[in-house]
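What follows is the content of structure22.tsv (TSV, C-alpha atoms).
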```
chain	number	residue	atom	x	y	z
A	1	MET	CA	-20.47	-78.57	-53.61
A	2	GLN	CA	-21.36	-77.31	-50.15
A	3	THR	CA	-24.20	-77.68	-47.70
A	4	GLN	CA	-24.61	-75.53	-44.64
A	5	GLN	CA	-26.28	-76.00	-41.31
A	6	ASP	CA	-28.43	-73.29	-39.75
A	7	HIS	CA	-26.90	-71.97	-36.52
A	8	THR	CA	-28.80	-69.67	-34.19
A	9	GLN	CA	-25.47	-68.60	-32.69
A	10	ALA	CA	-22.89	-66.80	-34.80
A	11	SER	CA	-19.89	-68.20	-32.96
A	12	PRO	CA	-20.05	-71.88	-31.87
A	13	LEU	CA	-17.78	-72.96	-29.05
A	14	VAL	CA	-15.97	-75.59	-31.15
A	15	THR	CA	-15.58	-76.16	-34.88
A	16	PHE	CA	-14.72	-79.77	-35.71
A	17	ILE	CA	-12.85	-80.06	-39.02
A	18	VAL	CA	-13.30	-83.58	-40.37
A	19	ALA	CA	-11.28	-84.57	-43.45
A	20	CYS	CA	-12.20	-87.65	-45.47
A	21	TYR	CA	-11.07	-89.33	-48.66
A	22	ASN	CA	-12.44	-92.62	-50.03
A	23	LEU	CA	-13.47	-93.84	-46.58
A	24	PRO	CA	-16.13	-96.45	-45.81
A	25	ILE	CA	-19.34	-94.68	-44.85
A	26	GLU	CA	-19.40	-96.61	-41.57
A	27	MET	CA	-16.18	-94.93	-40.46
A	28	ILE	CA	-17.43	-91.47	-41.35
A	29	CYS	CA	-20.67	-92.08	-39.47
A	30	GLN	CA	-18.81	-93.34	-36.40
A	31	CYS	CA	-16.64	-90.23	-36.49
A	32	LEU	CA	-19.64	-87.90	-36.78
A	33	ASP	CA	-21.56	-89.78	-34.08
A	34	SER	CA	-18.66	-89.33	-31.67
A	35	ILE	CA	-18.91	-85.55	-32.16
A	36	ILE	CA	-22.68	-85.23	-32.17
A	37	GLY	CA	-22.88	-87.34	-29.00
A	38	LEU	CA	-20.92	-84.79	-26.98
A	39	SER	CA	-22.59	-82.41	-24.52
A	40	LEU	CA	-22.34	-79.55	-27.01
A	41	SER	CA	-25.67	-78.25	-28.30
A	42	ARG	CA	-26.13	-77.60	-32.00
A	43	SER	CA	-25.45	-73.92	-31.47
A	44	GLU	CA	-22.24	-74.72	-29.59
A	45	ARG	CA	-20.73	-76.92	-32.29
A	46	GLU	CA	-19.91	-76.65	-35.95
A	47	ILE	CA	-18.94	-79.74	-37.95
A	48	ILE	CA	-17.21	-79.10	-41.27
A	49	LEU	CA	-16.82	-82.29	-43.30
A	50	VAL	CA	-14.26	-81.74	-46.06
A	51	ASP	CA	-14.44	-84.40	-48.75
A	52	ASP	CA	-11.04	-84.31	-50.41
A	53	GLY	CA	-12.20	-85.48	-53.83
A	54	SER	CA	-13.38	-88.99	-52.99
A	55	ASP	CA	-14.17	-91.15	-56.02
A	56	GLU	CA	-17.83	-91.00	-54.93
A	57	SER	CA	-19.31	-88.34	-52.69
A	58	PRO	CA	-20.56	-89.79	-49.38
A	59	LEU	CA	-23.20	-87.07	-49.08
A	60	GLY	CA	-26.03	-89.26	-50.35
A	61	GLN	CA	-25.43	-91.67	-47.47
A	62	LEU	CA	-25.20	-88.91	-44.88
A	63	LYS	CA	-28.81	-87.75	-44.96
A	64	PRO	CA	-29.34	-88.39	-41.21
A	65	TYR	CA	-26.50	-85.93	-40.52
A	66	ILE	CA	-27.36	-83.23	-43.04
A	67	ASP	CA	-28.71	-80.80	-40.41
A	68	ASP	CA	-25.60	-81.24	-38.25
A	69	ILE	CA	-22.80	-80.73	-40.75
A	70	VAL	CA	-21.35	-78.33	-43.27
A	71	TYR	CA	-20.30	-80.49	-46.21
A	72	VAL	CA	-17.77	-79.26	-48.74
A	73	ARG	CA	-16.26	-81.23	-51.61
A	74	GLN	CA	-13.01	-80.23	-53.28
A	75	PRO	CA	-10.65	-81.75	-55.85
A	76	ASN	CA	-8.22	-84.19	-54.28
A	77	ALA	CA	-5.33	-82.19	-52.80
A	78	GLY	CA	-4.39	-84.09	-49.66
A	79	LEU	CA	-4.98	-83.85	-45.93
A	80	SER	CA	-3.21	-80.51	-45.49
A	81	ALA	CA	-5.36	-78.81	-48.12
A	82	ALA	CA	-8.53	-80.31	-46.63
A	83	ARG	CA	-7.67	-79.02	-43.16
A	84	ASN	CA	-6.75	-75.61	-44.57
A	85	ARG	CA	-10.15	-75.43	-46.25
A	86	GLY	CA	-11.78	-76.22	-42.94
A	87	ILE	CA	-9.77	-73.53	-41.16
A	88	GLN	CA	-10.84	-71.01	-43.79
A	89	MET	CA	-14.52	-71.84	-43.27
A	90	ALA	CA	-14.54	-72.25	-39.48
A	91	THR	CA	-16.44	-69.85	-37.25
A	92	GLY	CA	-15.98	-71.55	-33.87
A	93	GLN	CA	-14.07	-70.11	-30.93
A	94	TYR	CA	-11.98	-73.30	-30.79
A	95	LEU	CA	-10.86	-75.68	-33.54
A	96	GLN	CA	-10.53	-79.46	-33.43
A	97	PHE	CA	-9.19	-81.62	-36.27
A	98	VAL	CA	-10.62	-85.12	-36.59
A	99	ASP	CA	-9.56	-87.44	-39.40
A	100	GLY	CA	-12.61	-89.10	-40.90
A	101	ASP	CA	-11.46	-92.64	-40.09
A	102	ASP	CA	-10.87	-91.78	-36.41
A	103	TYR	CA	-13.22	-90.66	-33.66
A	104	LEU	CA	-13.41	-88.94	-30.28
A	105	LEU	CA	-13.67	-90.86	-27.02
A	106	HIS	CA	-16.66	-89.47	-25.21
A	107	ALA	CA	-15.76	-89.37	-21.50
A	108	ALA	CA	-12.19	-88.20	-22.02
A	109	TYR	CA	-13.13	-85.55	-24.59
A	110	GLU	CA	-15.83	-84.21	-22.26
A	111	HIS	CA	-13.01	-83.63	-19.81
A	112	CYS	CA	-11.22	-81.52	-22.45
A	113	LEU	CA	-14.38	-79.52	-23.09
A	114	GLY	CA	-14.63	-78.92	-19.36
A	115	LEU	CA	-11.13	-77.48	-19.39
A	116	ILE	CA	-11.86	-74.90	-22.11
A	117	ARG	CA	-15.08	-73.93	-20.32
A	118	SER	CA	-13.46	-73.50	-16.92
A	119	LYS	CA	-9.88	-72.42	-17.66
A	120	LEU	CA	-10.30	-70.69	-21.04
A	121	PRO	CA	-6.83	-71.70	-22.29
A	122	ASP	CA	-5.52	-71.04	-25.76
A	123	ILE	CA	-4.78	-74.76	-26.17
A	124	VAL	CA	-5.82	-77.99	-24.50
A	125	MET	CA	-3.41	-80.81	-25.33
A	126	PHE	CA	-4.50	-84.42	-24.82
A	127	ASP	CA	-3.44	-87.92	-25.78
A	128	PHE	CA	-4.66	-90.55	-28.25
A	129	THR	CA	-4.97	-94.32	-28.24
A	130	ASN	CA	-5.27	-97.03	-30.86
A	131	GLU	CA	-6.21	-99.72	-28.37
A	132	ASN	CA	-9.72	-100.87	-27.48
A	133	GLU	CA	-11.26	-98.17	-25.34
A	134	ASN	CA	-13.65	-98.54	-22.42
A	135	GLU	CA	-16.19	-95.75	-22.55
A	136	ASN	CA	-17.55	-96.70	-19.12
A	137	VAL	CA	-14.37	-95.57	-17.38
A	138	ASN	CA	-14.77	-92.48	-15.22
A	139	VAL	CA	-11.91	-90.34	-16.43
A	140	ASN	CA	-11.49	-88.35	-13.22
A	141	GLU	CA	-11.27	-91.46	-11.06
A	142	ASN	CA	-9.13	-93.70	-13.26
A	143	VAL	CA	-6.70	-91.34	-15.02
A	144	ASN	CA	-3.95	-89.28	-13.44
A	145	VAL	CA	-5.13	-86.01	-14.95
A	146	LYS	CA	-2.41	-83.38	-15.14
A	147	ASN	CA	-4.09	-80.06	-15.69
A	148	ASP	CA	-3.43	-77.97	-12.59
A	149	ASP	CA	-0.81	-75.68	-14.10
A	150	LEU	CA	-1.25	-73.46	-17.10
A	151	LYS	CA	1.93	-72.73	-19.04
A	152	SER	CA	2.71	-70.62	-22.04
A	153	GLY	CA	3.31	-72.51	-25.25
A	154	CYS	CA	6.94	-71.36	-25.20
A	155	GLU	CA	7.43	-72.74	-21.68
A	156	TYR	CA	5.86	-76.03	-22.61
A	157	LEU	CA	7.95	-76.42	-25.77
A	158	SER	CA	11.10	-75.59	-23.79
A	159	GLN	CA	10.44	-78.22	-21.12
A	160	HIS	CA	8.61	-81.13	-22.72
A	161	ASN	CA	8.54	-83.48	-25.66
A	162	LEU	CA	5.77	-82.48	-28.02
A	163	GLN	CA	2.74	-84.47	-29.06
A	164	ALA	CA	3.04	-83.80	-32.77
A	165	THR	CA	-0.38	-85.03	-33.88
A	166	ALA	CA	-2.54	-82.00	-34.65
A	167	CYS	CA	-5.68	-83.97	-33.79
A	168	CYS	CA	-4.57	-83.94	-30.13
A	169	TYR	CA	-4.96	-80.15	-29.87
A	170	LEU	CA	-8.15	-78.28	-29.06
A	171	PHE	CA	-7.13	-74.69	-29.69
A	172	ARG	CA	-8.50	-71.20	-29.87
A	173	ARG	CA	-9.09	-70.15	-33.47
A	174	ASP	CA	-7.86	-66.60	-33.03
A	175	ILE	CA	-4.27	-67.68	-32.22
A	176	ILE	CA	-3.71	-69.40	-35.55
A	177	GLY	CA	-3.35	-66.26	-37.64
A	178	SER	CA	-1.82	-67.09	-41.01
A	179	LEU	CA	-0.45	-70.47	-39.89
A	180	ARG	CA	-1.54	-73.28	-42.23
A	181	PHE	CA	-0.51	-76.82	-43.13
A	182	THR	CA	1.94	-77.24	-46.02
A	183	PRO	CA	0.15	-79.14	-48.82
A	184	GLY	CA	1.67	-82.19	-50.45
A	185	ILE	CA	4.00	-83.36	-47.68
A	186	TYR	CA	4.08	-86.02	-45.01
A	187	HIS	CA	4.82	-84.90	-41.43
A	188	GLU	CA	2.72	-81.78	-41.91
A	189	ASP	CA	1.77	-81.95	-38.23
A	190	GLU	CA	5.44	-81.81	-37.19
A	191	GLU	CA	5.74	-78.43	-38.89
A	192	PHE	CA	2.38	-77.11	-37.70
A	193	THR	CA	2.19	-77.97	-33.99
A	194	PRO	CA	5.38	-76.36	-32.64
A	195	GLN	CA	4.49	-73.12	-34.39
A	196	LEU	CA	0.98	-73.34	-32.93
A	197	LEU	CA	2.45	-73.78	-29.43
A	198	LEU	CA	4.55	-70.66	-29.73
A	199	ARG	CA	1.41	-68.64	-30.49
A	200	ALA	CA	-0.29	-69.72	-27.26
A	201	GLU	CA	-0.14	-67.71	-24.04
A	202	THR	CA	-1.86	-70.46	-22.04
A	203	VAL	CA	-1.60	-74.21	-22.61
A	204	CYS	CA	-3.42	-76.79	-20.53
A	205	SER	CA	-1.97	-80.30	-20.85
A	206	THR	CA	-3.88	-83.40	-19.84
A	207	ASN	CA	-2.92	-87.04	-20.30
A	208	VAL	CA	-6.47	-88.26	-20.95
A	209	GLN	CA	-6.81	-90.35	-24.11
A	210	ALA	CA	-9.56	-88.45	-25.85
A	211	TYR	CA	-8.90	-89.46	-29.47
A	212	PHE	CA	-9.08	-92.88	-31.09
A	213	TYR	CA	-6.58	-93.25	-33.92
A	214	ARG	CA	-7.49	-96.06	-36.27
A	215	HIS	CA	-4.39	-97.88	-37.52
A	216	ARG	CA	-5.23	-98.95	-41.06
A	217	PRO	CA	-3.02	-100.88	-43.48
A	218	HIS	CA	-2.10	-99.03	-46.69
A	219	SER	CA	-2.85	-95.64	-45.16
A	220	ILE	CA	-0.41	-92.83	-45.88
A	221	THR	CA	1.37	-93.47	-42.59
A	222	THR	CA	1.76	-97.23	-43.11
A	223	GLU	CA	2.65	-97.43	-46.81
A	224	ALA	CA	5.92	-99.42	-47.09
A	225	ASP	CA	6.78	-98.78	-50.73
A	226	LYS	CA	10.41	-97.67	-51.02
A	227	ARG	CA	9.55	-94.48	-52.90
A	228	GLN	CA	7.07	-93.58	-50.18
A	229	ILE	CA	9.68	-94.25	-47.50
A	230	ILE	CA	12.17	-91.93	-49.22
A	231	LYS	CA	9.53	-89.25	-49.71
A	232	ARG	CA	8.53	-89.50	-46.06
A	233	LEU	CA	12.17	-89.11	-45.01
A	234	ASN	CA	12.72	-86.23	-47.43
A	235	ASP	CA	9.61	-84.46	-46.18
A	236	SER	CA	10.76	-84.93	-42.60
A	237	ARG	CA	14.08	-83.36	-43.58
A	238	LEU	CA	12.21	-80.46	-45.24
A	239	VAL	CA	10.22	-79.78	-42.06
A	240	ILE	CA	13.40	-79.78	-39.96
A	241	LYS	CA	15.04	-77.34	-42.37
A	242	LYS	CA	12.06	-74.97	-42.34
A	243	LEU	CA	11.77	-74.98	-38.55
A	244	ASN	CA	15.50	-74.47	-38.20
A	245	LEU	CA	15.36	-71.42	-40.48
A	246	LEU	CA	12.43	-70.13	-38.46
A	247	THR	CA	14.52	-70.10	-35.27
A	248	ASP	CA	16.57	-67.20	-36.63
A	249	THR	CA	13.48	-65.00	-36.72
A	250	LEU	CA	12.31	-65.74	-33.16
A	251	PRO	CA	13.01	-63.86	-29.91
A	252	PRO	CA	15.56	-65.58	-27.60
A	253	SER	CA	13.16	-67.55	-25.40
A	254	GLU	CA	11.15	-68.86	-28.35
A	255	ARG	CA	14.34	-69.57	-30.28
A	256	LYS	CA	15.59	-71.82	-27.48
A	257	ALA	CA	12.29	-73.68	-27.40
A	258	MET	CA	12.25	-74.21	-31.16
A	259	GLN	CA	15.89	-75.32	-31.17
A	260	ARG	CA	14.98	-78.06	-28.72
A	261	ARG	CA	12.19	-79.21	-31.01
A	262	VAL	CA	14.46	-79.13	-34.07
A	263	ALA	CA	17.03	-81.28	-32.23
A	264	GLN	CA	14.36	-83.81	-31.26
A	265	LEU	CA	13.04	-83.99	-34.81
A	266	THR	CA	16.58	-84.42	-36.12
A	267	MET	CA	17.10	-87.31	-33.71
A	268	ASP	CA	13.85	-88.88	-34.92
A	269	TYR	CA	14.91	-88.34	-38.54
A	270	ILE	CA	18.20	-90.18	-38.00
A	271	TYR	CA	16.41	-92.96	-36.15
A	272	ASN	CA	13.91	-93.37	-38.98
A	273	ILE	CA	16.68	-93.52	-41.59
A	274	ILE	CA	18.23	-96.39	-39.65
A	275	MET	CA	14.94	-98.22	-39.14
A	276	GLN	CA	13.38	-97.68	-42.57
A	277	THR	CA	16.35	-97.96	-44.91
A	278	ARG	CA	18.95	-99.98	-42.94
A	279	ASP	CA	21.45	-98.47	-45.35
A	280	ARG	CA	24.64	-97.17	-43.72
A	281	LYS	CA	25.84	-95.39	-46.86
A	282	TYR	CA	22.54	-93.54	-47.18
A	283	LEU	CA	22.72	-92.66	-43.48
A	284	ASP	CA	26.25	-91.29	-43.82
A	285	ARG	CA	25.24	-89.11	-46.77
A	286	LYS	CA	22.32	-87.65	-44.84
A	287	LEU	CA	24.46	-87.03	-41.77
A	288	GLU	CA	26.88	-85.07	-43.97
A	289	ASP	CA	23.95	-82.95	-45.19
A	290	LEU	CA	22.85	-82.30	-41.60
A	291	HIS	CA	26.41	-81.40	-40.62
A	292	ALA	CA	26.63	-78.86	-43.45
A	293	GLU	CA	23.61	-77.06	-41.98
A	294	GLY	CA	24.82	-77.17	-38.38
A	295	LEU	CA	22.30	-79.81	-37.29
A	296	PHE	CA	24.75	-82.64	-36.67
A	297	PRO	CA	26.29	-83.69	-34.34
A	298	LEU	CA	23.19	-83.27	-32.23
A	299	PRO	CA	23.41	-80.39	-29.72
A	300	ASP	CA	24.91	-81.27	-26.35
A	301	HIS	CA	21.78	-80.97	-24.21
A	302	ASP	CA	20.25	-83.60	-21.95
A	303	TYR	CA	16.68	-83.04	-23.14
A	304	THR	CA	15.68	-86.62	-22.33
A	305	THR	CA	17.49	-89.82	-21.40
A	306	LYS	CA	16.80	-91.21	-24.88
A	307	TYR	CA	18.14	-88.07	-26.53
A	308	LYS	CA	21.26	-88.06	-24.35
A	309	TRP	CA	22.25	-91.62	-25.23
A	310	PHE	CA	21.29	-91.32	-28.89
A	311	ARG	CA	23.41	-88.17	-29.19
A	312	ARG	CA	26.41	-89.92	-27.65
A	313	LEU	CA	26.12	-92.97	-29.88
A	314	THR	CA	25.71	-90.97	-33.08
A	315	ASN	CA	28.80	-88.94	-32.30
A	316	SER	CA	31.12	-91.85	-33.15
A	317	SER	CA	31.48	-94.28	-36.04
A	318	ILE	CA	31.39	-97.20	-33.60
A	319	GLY	CA	28.18	-95.89	-32.06
A	320	LEU	CA	26.54	-95.46	-35.45
A	321	THR	CA	27.52	-98.99	-36.41
A	322	LEU	CA	26.02	-100.25	-33.16
A	323	LEU	CA	22.78	-98.37	-33.77
A	324	THR	CA	22.42	-99.56	-37.37
A	325	ASN	CA	22.99	-103.17	-36.36
A	326	VAL	CA	21.05	-103.31	-33.10
A	327	LEU	CA	18.00	-101.06	-33.51
A	328	PRO	CA	16.34	-103.08	-36.34
A	329	MET	CA	16.92	-106.29	-34.36
A	330	ILE	CA	15.28	-104.85	-31.25
A	331	LYS	CA	12.20	-103.86	-33.24
A	332	LYS	CA	12.04	-107.28	-34.91
A	333	GLU	CA	12.16	-109.05	-31.53
A	334	ARG	CA	9.37	-106.87	-30.19
```
Please, can you express the file's structure as structure tokens?
Amino acid sequence: MQTQQDHTQASPLVTFIVACYNLPIEMICQCLDSIIGLSLSRSEREIILVDDGSDESPLGQLKPYIDDIVYVRQPNAGLSAARNRGIQMATGQYLQFVDGDDYLLHAAYEHCLGLIRSKLPDIVMFDFTNENENENVNVNENVNVKNDDLKSGCEYLSQHNLQATACCYLFRRDIIGSLRFTPGIYHEDEEFTPQLLLRAETVCSTNVQAYFYRHRPHSITTEADKRQIIKRLNDSRLVIKKLNLLTDTLPPSERKAMQRRVAQLTMDYIYNIIMQTRDRKYLDRKLEDLHAEGLFPLPDHDYTTKYKWFRRLTNSSIGLTLLTNVLPMIKKER
């Protein structure tokens, strides 16, 4: 089922792709209100609400929004498939993903819109928060905004840690090409965002918190069931493997950038095995698998202070024992 809004302009400035599945109507409305309340006119925005097979369609409760949204309902296939459907339908110059239980923070997101209007970058990268926001804050006066320098995506990926969350990217639709999210896996953003960066000639990075991420119990990112933990770890490993294979097809500068990202994801993968399983035998088996593919020991690069020390500790049995015993205790104390 699909409804369409009537645009007087063929190409809106931004298409917002909102994915929802079995969400309270109040959350969906808050999400839509945060988009509609922006300075974009109706002809400048397109809102595609993809209902990923909710038990009951929310459309009947969205009558006040019917003229502002394109609603499409599909059989349940997961977040990746919902976003891919939105990409397929989008007509905007820029794309923005918004999960239906989250919302945009008005003042900070207006700053991001100002950047695409004035600098015309391929990507604007921003931050998120899950703390109580203050919408009365003047972003330009109270936030150390870092947006003076435009870099290529390759330069950025070579020099910085990456914000993996796809919802923190406002990006030009024509750079995406055939890139899509892999259906059925966790960590789909980890696979998507570094590839998106490498397609960008100009990236504008700002530290404004323009996206409110709602931390909900029993969501796919907080489910603690052991089978879900193992699947999450296995999917993380799959993403690392795919990105590592991709490096062989890239030109030298892009290969170096992607290798840095693969090393960081591998470090995170090892860390998550320690924290989520606390099983040294399982850890040792997975380290053997990484070693067989040339991913462990971690490459000898001082990407960050955390990476440097983690690499040193994981390079010895004593260090691994220290990490497996100490890291869970540190988290518990916090």
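Nearest to Glu254 (chain A) of all the residues A:Ala200, A:Leu104, A:Met89, A:Leu238 is A:Ala200, based on all atoms listed in the file.
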What are the centre and the three edge lengths of an axis-aligned box that wraps all atoms of region 115-134 of chain A in the file, given that 8 Å is added to every side, written as JSON and rounded to one decimal in Å?
```
{"center_x": -9.2, "center_y": -85.8, "center_z": -23.9, "size_x": 27.7, "size_y": 46.2, "size_z": 29.9}
```
**Message:** Please list as a PyMOL selection string every residue within 7 Å of region 208-211 of chain A, counting all atoms listed in the file and excluding residues in the same chain fewer than 6 positions away.
**Reply:** chain A and resi 103-105+108-109+126-129+143+145
**Message:** Between A:Asn22, A:Thr247, A:Ser11, A:Gln74, which residue has the minimum interatomic distance to Arg45 (chain A), considering all atoms listed in the file?
**Reply:**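 Distance minimum relative to Arg45 (chain A) lands on A:Ser11.
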**Request:** For region 150-154 of chain A, please output as a ChimeraX atom specification all residues within 9 Å (counting all atoms listed in the file; exclusion window: fewer than 6 positions along the same chain).
**Result:** /A:119,121-123,194,196-205,253-254,256-258
